[in-house]
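This is upload15.txt (compact mmCIF, C-alpha atoms).
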# COMPACT_ATOMS: atom_id res chain seq x y z
CA MET A 167 64.61 96.72 90.51
CA SER A 168 61.10 96.75 88.99
CA PHE A 169 58.48 99.40 89.78
CA SER A 170 56.45 96.96 91.90
CA GLU A 171 59.57 95.98 93.85
CA ARG A 172 60.31 99.65 94.54
CA ILE A 173 56.76 100.13 95.86
CA LEU A 174 57.14 97.14 98.18
CA GLU A 175 60.51 98.38 99.40
CA PHE A 176 58.93 101.76 100.22
CA PHE A 177 56.12 100.31 102.36
CA LEU A 178 57.91 97.37 103.97
CA PRO A 179 60.53 97.74 106.73
CA ASN A 180 64.08 97.97 105.43
CA GLN A 181 66.19 94.86 105.67
CA CYS A 182 69.95 94.61 105.91
CA PRO A 183 71.18 93.64 102.42
CA CYS A 184 73.89 91.45 103.91
CA CYS A 185 71.95 89.31 106.41
CA ASP A 186 68.26 90.15 105.67
CA ARG A 187 67.59 91.14 109.27
CA PHE A 188 65.04 93.96 109.63
CA LEU A 189 66.71 97.23 110.52
CA SER A 190 65.81 99.15 113.66
CA GLU A 191 64.94 102.86 113.55
CA ASN A 192 68.53 103.70 114.49
CA GLU A 193 70.10 101.53 111.80
CA LYS A 194 70.58 102.95 108.31
CA GLY A 195 71.56 100.89 105.26
CA ILE A 196 73.37 98.04 107.03
CA CYS A 197 72.67 96.53 110.45
CA LYS A 198 75.09 97.15 113.31
CA ASP A 199 76.30 93.55 113.38
CA CYS A 200 77.25 93.54 109.69
CA LEU A 201 78.65 97.04 109.90
CA SER A 202 81.03 95.90 112.64
CA GLY A 203 82.45 93.35 110.21
CA ILE A 204 83.62 95.97 107.71
CA LYS A 205 87.36 96.57 107.74
CA TRP A 206 88.20 100.24 107.28
CA ILE A 207 91.43 101.23 105.55
CA GLU A 208 94.06 102.69 107.85
CA PRO A 209 97.80 103.26 107.31
CA PRO A 210 100.02 101.75 106.17
CA PHE A 211 98.96 101.90 102.53
CA CYS A 212 100.47 102.81 99.16
CA SER A 213 101.22 106.51 99.15
CA ILE A 214 100.00 106.73 95.53
CA CYS A 215 97.11 104.32 94.89
CA GLY A 216 96.06 103.77 98.52
CA LEU A 217 96.49 99.98 98.37
CA PRO A 218 96.14 98.74 101.97
CA PHE A 219 99.18 96.78 103.15
CA LEU A 220 98.37 93.77 105.30
CA SER A 221 101.64 94.04 107.17
CA ARG A 222 101.44 96.58 110.01
CA ASP A 223 105.22 96.87 110.41
CA ILE A 224 105.89 99.17 107.44
CA GLU A 225 105.39 102.82 106.58
CA ASN A 226 103.35 104.28 103.72
CA HIS A 227 105.29 103.86 100.47
CA PRO A 228 104.58 103.30 96.75
CA CYS A 229 103.50 99.74 95.97
CA SER A 230 105.19 97.66 93.28
CA ASP A 231 102.51 98.44 90.68
CA CYS A 232 102.81 102.20 91.23
CA MET A 233 106.60 102.01 91.00
CA SER A 234 106.49 100.06 87.73
CA LYS A 235 103.46 101.63 86.02
CA LYS A 236 102.85 105.25 85.03
CA ARG A 237 100.01 106.74 87.04
CA TYR A 238 98.14 109.66 85.47
CA PHE A 239 96.28 110.42 88.71
CA THR A 240 98.08 112.07 91.63
CA ILE A 241 96.72 109.91 94.44
CA ALA A 242 93.87 107.44 94.93
CA ARG A 243 92.21 106.69 98.25
CA SER A 244 89.51 104.24 99.38
CA ILE A 245 87.28 103.90 102.44
CA GLY A 246 87.27 100.16 103.17
CA PHE A 247 88.59 96.74 102.17
CA TYR A 248 86.67 95.15 99.30
CA GLU A 249 85.82 91.96 101.14
CA GLY A 250 83.11 90.39 103.31
CA THR A 251 80.26 92.69 104.26
CA LEU A 252 81.38 95.67 102.22
CA ARG A 253 81.82 93.59 99.07
CA MET A 254 78.37 92.06 99.57
CA ALA A 255 76.77 95.45 100.18
CA ILE A 256 78.31 96.98 97.05
CA HIS A 257 77.21 93.96 95.01
CA GLN A 258 73.64 94.29 96.34
CA TRP A 259 73.67 98.00 95.53
CA LYS A 260 75.01 97.63 91.98
CA TYR A 261 73.36 94.45 90.77
CA GLU A 262 70.30 93.89 92.98
CA GLY A 263 68.94 97.44 93.00
CA LYS A 264 69.22 98.06 96.75
CA ASP A 265 68.58 101.80 96.50
CA SER A 266 68.43 102.16 100.28
CA LEU A 267 72.22 101.80 100.35
CA THR A 268 72.84 104.96 98.30
CA PRO A 269 72.59 107.44 101.23
CA PHE A 270 74.75 105.09 103.28
CA PHE A 271 77.52 105.06 100.67
CA VAL A 272 77.20 108.79 100.05
CA LYS A 273 77.87 109.38 103.75
CA TRP A 274 81.02 107.24 103.52
CA ILE A 275 82.32 108.89 100.37
CA LYS A 276 81.81 112.33 101.93
CA GLU A 277 83.68 111.30 105.08
CA GLY A 278 86.49 109.92 102.93
CA LEU A 279 86.70 113.15 100.96
CA TYR A 280 87.09 115.28 104.07
CA ARG A 281 89.50 112.77 105.59
CA TYR A 282 91.94 112.66 102.70
CA TRP A 283 91.41 116.14 101.19
CA PRO A 284 90.31 118.43 104.05
CA SER A 285 90.99 121.58 102.01
CA LEU A 286 88.51 120.53 99.26
CA PHE A 287 90.54 122.14 96.51
CA PHE A 288 88.72 120.44 93.63
CA ASP A 289 87.05 122.32 90.79
CA LEU A 290 85.03 119.42 89.45
CA ILE A 291 83.80 115.95 90.47
CA ILE A 292 83.44 113.32 87.75
CA PRO A 293 82.11 109.73 87.89
CA VAL A 294 83.85 106.89 86.11
CA PRO A 295 81.45 106.48 83.16
CA LEU A 296 79.73 103.34 81.92
CA HIS A 297 79.38 102.51 78.24
CA LYS A 298 75.85 103.16 77.02
CA SER A 299 75.19 99.44 76.51
CA ARG A 300 76.17 98.67 80.12
CA LEU A 301 74.15 101.64 81.34
CA ARG A 302 71.04 100.38 79.53
CA HIS A 303 71.49 96.93 81.03
CA ARG A 304 72.06 98.10 84.62
CA GLY A 305 69.76 101.11 84.51
CA PHE A 306 72.04 103.47 86.43
CA ASN A 307 75.66 104.41 86.99
CA GLN A 308 76.49 103.84 90.66
CA ALA A 309 79.40 106.29 90.50
CA LEU A 310 77.10 109.03 89.19
CA LEU A 311 74.72 108.47 92.13
CA LEU A 312 77.60 109.15 94.51
CA VAL A 313 78.82 112.16 92.54
CA LYS A 314 75.44 113.91 92.39
CA GLN A 315 74.92 113.71 96.14
CA LEU A 316 78.54 114.57 96.93
CA SER A 317 78.23 117.67 94.77
CA LYS A 318 75.13 118.78 96.71
CA LEU A 319 76.86 118.24 100.05
CA THR A 320 80.11 120.01 99.16
CA GLY A 321 79.09 122.62 96.60
CA ILE A 322 81.71 121.31 94.16
CA PRO A 323 80.24 121.14 90.60
CA TYR A 324 79.96 117.76 88.94
CA GLY A 325 80.23 116.72 85.31
CA LYS A 326 77.76 114.07 84.11
CA ARG A 327 79.01 113.59 80.55
CA VAL A 328 82.34 115.36 80.65
CA LEU A 329 84.06 111.98 80.42
CA ILE A 330 82.52 109.20 78.31
CA LYS A 331 83.31 105.57 77.62
CA LYS A 332 83.29 105.34 73.85
CA ARG A 333 83.46 101.56 73.48
CA PRO A 334 82.45 98.60 75.66
CA SER A 335 85.02 96.32 77.24
CA THR A 336 84.95 92.62 77.97
CA PRO A 337 84.46 91.42 81.59
CA GLN A 338 87.64 91.98 83.61
CA VAL A 339 86.95 89.98 86.77
CA ASP A 340 89.71 87.43 86.18
CA LEU A 341 92.19 89.75 84.47
CA GLY A 342 95.39 91.13 85.98
CA LEU A 343 96.65 94.69 85.65
CA THR A 344 98.44 94.25 82.31
CA GLU A 345 95.47 92.49 80.70
CA ARG A 346 93.04 95.10 82.04
CA GLU A 347 95.20 97.88 80.64
CA LYS A 348 95.10 96.29 77.18
CA VAL A 349 91.32 95.86 77.32
CA LEU A 350 90.72 99.45 78.46
CA LYS A 351 93.31 101.26 76.34
CA GLY A 352 91.66 104.15 74.51
CA SER A 353 88.20 103.39 75.96
CA PHE A 354 87.59 106.82 77.49
CA GLU A 355 87.48 110.30 76.00
CA VAL A 356 86.62 113.81 77.08
CA ALA A 357 83.44 115.12 75.43
CA LYS A 358 84.42 118.78 75.72
CA LYS A 359 88.01 119.87 76.29
CA GLU A 360 86.94 123.19 77.81
CA GLY A 361 85.06 121.24 80.46
CA VAL A 362 88.28 119.96 82.06
CA GLU A 363 91.03 122.31 80.94
CA GLY A 364 92.95 123.72 83.89
CA LYS A 365 90.69 122.02 86.43
CA ARG A 366 91.58 119.99 89.51
CA ILE A 367 89.37 116.93 89.22
CA LEU A 368 88.15 114.33 91.70
CA LEU A 369 87.25 111.05 89.99
CA ILE A 370 84.73 108.82 91.81
CA ASP A 371 84.09 105.08 91.48
CA ASP A 372 82.85 102.27 93.72
CA VAL A 373 85.81 99.86 93.73
CA TYR A 374 89.54 100.22 93.03
CA THR A 375 90.79 96.84 91.79
CA THR A 376 94.00 97.21 89.77
CA GLY A 377 93.69 100.91 88.99
CA ALA A 378 93.54 100.30 85.23
CA THR A 379 90.12 101.92 84.82
CA VAL A 380 90.75 105.08 86.85
CA ASN A 381 94.22 105.42 85.34
CA GLU A 382 92.85 105.28 81.79
CA CYS A 383 90.18 107.82 82.75
CA SER A 384 92.85 110.06 84.29
CA LYS A 385 94.98 109.73 81.18
CA ALA A 386 92.14 111.03 78.99
CA LEU A 387 91.50 113.94 81.38
CA ILE A 388 95.16 114.96 81.68
CA ARG A 389 95.63 114.67 77.91
CA GLU A 390 92.82 117.21 77.41
CA GLY A 391 94.31 119.72 79.82
CA ALA A 392 93.12 118.83 83.33
CA LYS A 393 95.49 120.30 85.91
CA SER A 394 95.31 117.21 88.15
CA VAL A 395 93.19 114.13 88.83
CA ASP A 396 92.72 112.44 92.20
CA VAL A 397 90.60 109.33 92.81
CA LEU A 398 88.24 108.34 95.61
CA THR A 399 86.46 104.96 95.83
CA LEU A 400 84.32 103.18 98.39
CA ALA A 401 86.51 100.10 98.51
CA HIS A 402 89.93 98.75 97.53
CA THR A 403 90.80 95.15 96.78
CA VAL A 404 93.25 93.46 99.10
CA LYS A 405 96.77 92.40 98.18
CA ASN A 406 99.24 90.46 100.29
CA ILE A 407 102.12 92.91 100.78

Can you give me the file's structure in the form of structure tokens?
Amino acid sequence: MSFSERILEFFLPNQCPCCDRFLSENEKGICKDCLSGIKWIEPPFCSICGLPFLSRDIENHPCSDCMSKKRYFTIARSIGFYEGTLRMAIHQWKYEGKDSLTPFFVKWIKEGLYRYWPSLFFDLIIPVPLHKSRLRHRGFNQALLLVKQLSKLTGIPYGKRVLIKKRPSTPQVDLGLTEREKVLKGSFEVAKKEGVEGKRILLIDDVYTTGATVNECSKALIREGAKSVDVLTLAHTVKNI
């Protein structure tokens, strides 16, 4: 978003990024009608990666990917299904510069943290990093925005450049898990080993798709001595299970 666009956004009434309706004083980020269309993740889901199961007649259990692939993180959890309104809102936030959504998503990520980890036993919060070329193009790292605010709200320290992406990767939109793993292999590294050694780490990102990205990040952290890595994202893609 340009400087002039930010000025206009400050002075003009906020609009819902999903339907463009002007928000009332009691509505924050997304209007009530669009908010009602978001599907929140409830059990049953994968006990490891948090993949929401569409069938309601089963218990929490590891999904097929988690049973067949090595996971370097302990568990991953997400707030909502990556579809419809939530998918649109995240897209507007990441690619259209809708800064007004940041407090909205921070509130969700905080609620998810207390929901899934009520004891808050983490020593460090880390964002999934962007490569410097992607960061220059986008202008910000959406995961870092969440991490900074979450750190303020919880008192848990955050690491901005503890984990770095050392090389860019090709677009992964149409790739499956195996292909994504190949593209991402060796992409992440820990800048300072002493920054993660012995620490219980919470890794933050916006969307969990196949888990390849957060798993590769977790692998780098565990390899350099992190005690454990858990993952929290705003949304999780849907799979027919």

* **Residue among A:Leu290, A:Ala392, A:Val380, A:Cys229 lying closest to Ser317 of chain A, counting only C-alpha atoms** =>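 Closest to Ser317 of chain A, using only C-alpha atoms: A:Leu290.
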
Report as JSON lines: every residue of segment 268-337 of chain A with an atom at most 7 Å from segment 355-362 of chain A, its closest pair of atoms, and their distance in Å to one decimal, counting all atoms listed in the file, with rows sorted by chain and ascending residue number.
{"residue": "A:Arg327", "atom": "CA", "partner": "A:Ala357", "partner_atom": "CA", "distance": 6.9}
{"residue": "A:Val328", "atom": "CA", "partner": "A:Ala357", "partner_atom": "CA", "distance": 5.3}
{"residue": "A:Leu329", "atom": "CA", "partner": "A:Val356", "partner_atom": "CA", "distance": 4.6}
{"residue": "A:Ile330", "atom": "CA", "partner": "A:Glu355", "partner_atom": "CA", "distance": 5.6}
{"residue": "A:Lys331", "atom": "CA", "partner": "A:Glu355", "partner_atom": "CA", "distance": 6.5}
{"residue": "A:Lys332", "atom": "CA", "partner": "A:Glu355", "partner_atom": "CA", "distance": 6.8}

Can I get the selected residues back with C-alpha atoms, as a PDB file, in the coordinates of the input?
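Produced file out.pdb, reproduced below:
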ATOM      1  CA  ARG A 327      79.010 113.590  80.550  1.00  0.00           C
ATOM      2  CA  VAL A 328      82.340 115.360  80.650  1.00  0.00           C
ATOM      3  CA  LEU A 329      84.060 111.980  80.420  1.00  0.00           C
ATOM      4  CA  ILE A 330      82.520 109.200  78.310  1.00  0.00           C
ATOM      5  CA  LYS A 331      83.310 105.570  77.620  1.00  0.00           C
ATOM      6  CA  LYS A 332      83.290 105.340  73.850  1.00  0.00           C
TER       7      LYS A 332
END

Using all atoms listed in the file, what table do you get, as a tab-separated table, when you list each residue of segment 226-282 of chain A with an atom no more than 9 Å from segment 187-205 of chain A, its nearest pair of atoms, and their distance in Å rounded to one decimal, rows by chain then rising number?
residue	atom	partner	partner_atom	distance
A:Gly246	CA	A:Lys205	CA	5.8
A:Phe247	CA	A:Lys205	CA	5.7
A:Tyr248	CA	A:Lys205	CA	8.6
A:Glu249	CA	A:Ile204	CA	8.0
A:Gly250	CA	A:Ile204	CA	7.1
A:Thr251	CA	A:Ile204	CA	5.8
A:Leu252	CA	A:Ile204	CA	5.9
A:Ala255	CA	A:Ile196	CA	8.1
A:Ser266	CA	A:Gly195	CA	6.0
A:Leu267	CA	A:Gly195	CA	5.0
A:Thr268	CA	A:Gly195	CA	8.2
A:Pro269	CA	A:Gly195	CA	7.8
A:Phe270	CA	A:Gly195	CA	5.6
A:Phe271	CA	A:Gly195	CA	8.6

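Considering only C-alpha atoms, the residue among A:Phe239, A:Trp283, A:Phe354, A:Tyr261 positioned nearest to His303 of chain A is A:Tyr261.
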
Residue rebuild result segment 370-392 of chain A, N, CA and C atoms as a short mmCIF file (atom, residue, chain, number, x, y, z; two decimals), in the frame of the given file:
data_model
loop_
_atom_site.label_atom_id
_atom_site.label_comp_id
_atom_site.auth_asym_id
_atom_site.auth_seq_id
_atom_site.Cartn_x
_atom_site.Cartn_y
_atom_site.Cartn_z
N ILE A 370 85.41 109.69 90.84
CA ILE A 370 84.73 108.82 91.81
C ILE A 370 84.34 107.49 91.17
N ASP A 371 84.57 106.39 91.89
CA ASP A 371 84.09 105.08 91.48
C ASP A 371 83.78 104.26 92.73
N ASP A 372 83.20 103.09 92.56
CA ASP A 372 82.85 102.27 93.72
C ASP A 372 84.02 101.43 94.22
N VAL A 373 84.75 100.77 93.31
CA VAL A 373 85.81 99.86 93.73
C VAL A 373 87.10 100.12 92.94
N TYR A 374 88.22 100.16 93.65
CA TYR A 374 89.54 100.22 93.03
C TYR A 374 90.09 98.79 93.06
N THR A 375 90.29 98.22 91.86
CA THR A 375 90.79 96.84 91.79
C THR A 375 92.27 96.84 91.43
N THR A 376 92.59 97.11 90.18
CA THR A 376 94.00 97.21 89.77
C THR A 376 94.40 98.65 89.49
N GLY A 377 93.41 99.52 89.33
CA GLY A 377 93.69 100.91 88.99
C GLY A 377 93.68 101.17 87.50
N ALA A 378 93.49 100.13 86.69
CA ALA A 378 93.54 100.30 85.23
C ALA A 378 92.44 101.23 84.74
N THR A 379 91.24 101.09 85.28
CA THR A 379 90.12 101.92 84.82
C THR A 379 90.33 103.39 85.17
N VAL A 380 90.60 103.68 86.45
CA VAL A 380 90.75 105.08 86.85
C VAL A 380 92.00 105.70 86.23
N ASN A 381 93.01 104.89 85.96
CA ASN A 381 94.22 105.42 85.34
C ASN A 381 93.95 105.81 83.88
N GLU A 382 93.18 104.97 83.19
CA GLU A 382 92.85 105.28 81.79
C GLU A 382 91.94 106.50 81.72
N CYS A 383 91.02 106.62 82.68
CA CYS A 383 90.18 107.82 82.75
C CYS A 383 91.04 109.06 83.01
N SER A 384 91.96 108.95 83.95
CA SER A 384 92.85 110.06 84.29
C SER A 384 93.71 110.46 83.10
N LYS A 385 94.17 109.47 82.36
CA LYS A 385 94.98 109.73 81.18
C LYS A 385 94.23 110.60 80.17
N ALA A 386 92.95 110.25 79.93
CA ALA A 386 92.14 111.03 78.99
C ALA A 386 91.93 112.46 79.50
N LEU A 387 91.73 112.62 80.80
CA LEU A 387 91.50 113.94 81.38
C LEU A 387 92.75 114.81 81.34
N ILE A 388 93.89 114.22 81.69
CA ILE A 388 95.16 114.96 81.68
C ILE A 388 95.54 115.33 80.24
N ARG A 389 95.30 114.42 79.32
CA ARG A 389 95.63 114.67 77.91
C ARG A 389 94.86 115.87 77.36
N GLU A 390 93.64 116.09 77.89
CA GLU A 390 92.82 117.21 77.41
C GLU A 390 92.96 118.45 78.28
N GLY A 391 93.98 118.48 79.14
CA GLY A 391 94.31 119.72 79.82
C GLY A 391 93.94 119.84 81.28
N ALA A 392 93.42 118.76 81.90
CA ALA A 392 93.12 118.83 83.33
C ALA A 392 94.40 119.11 84.11
#
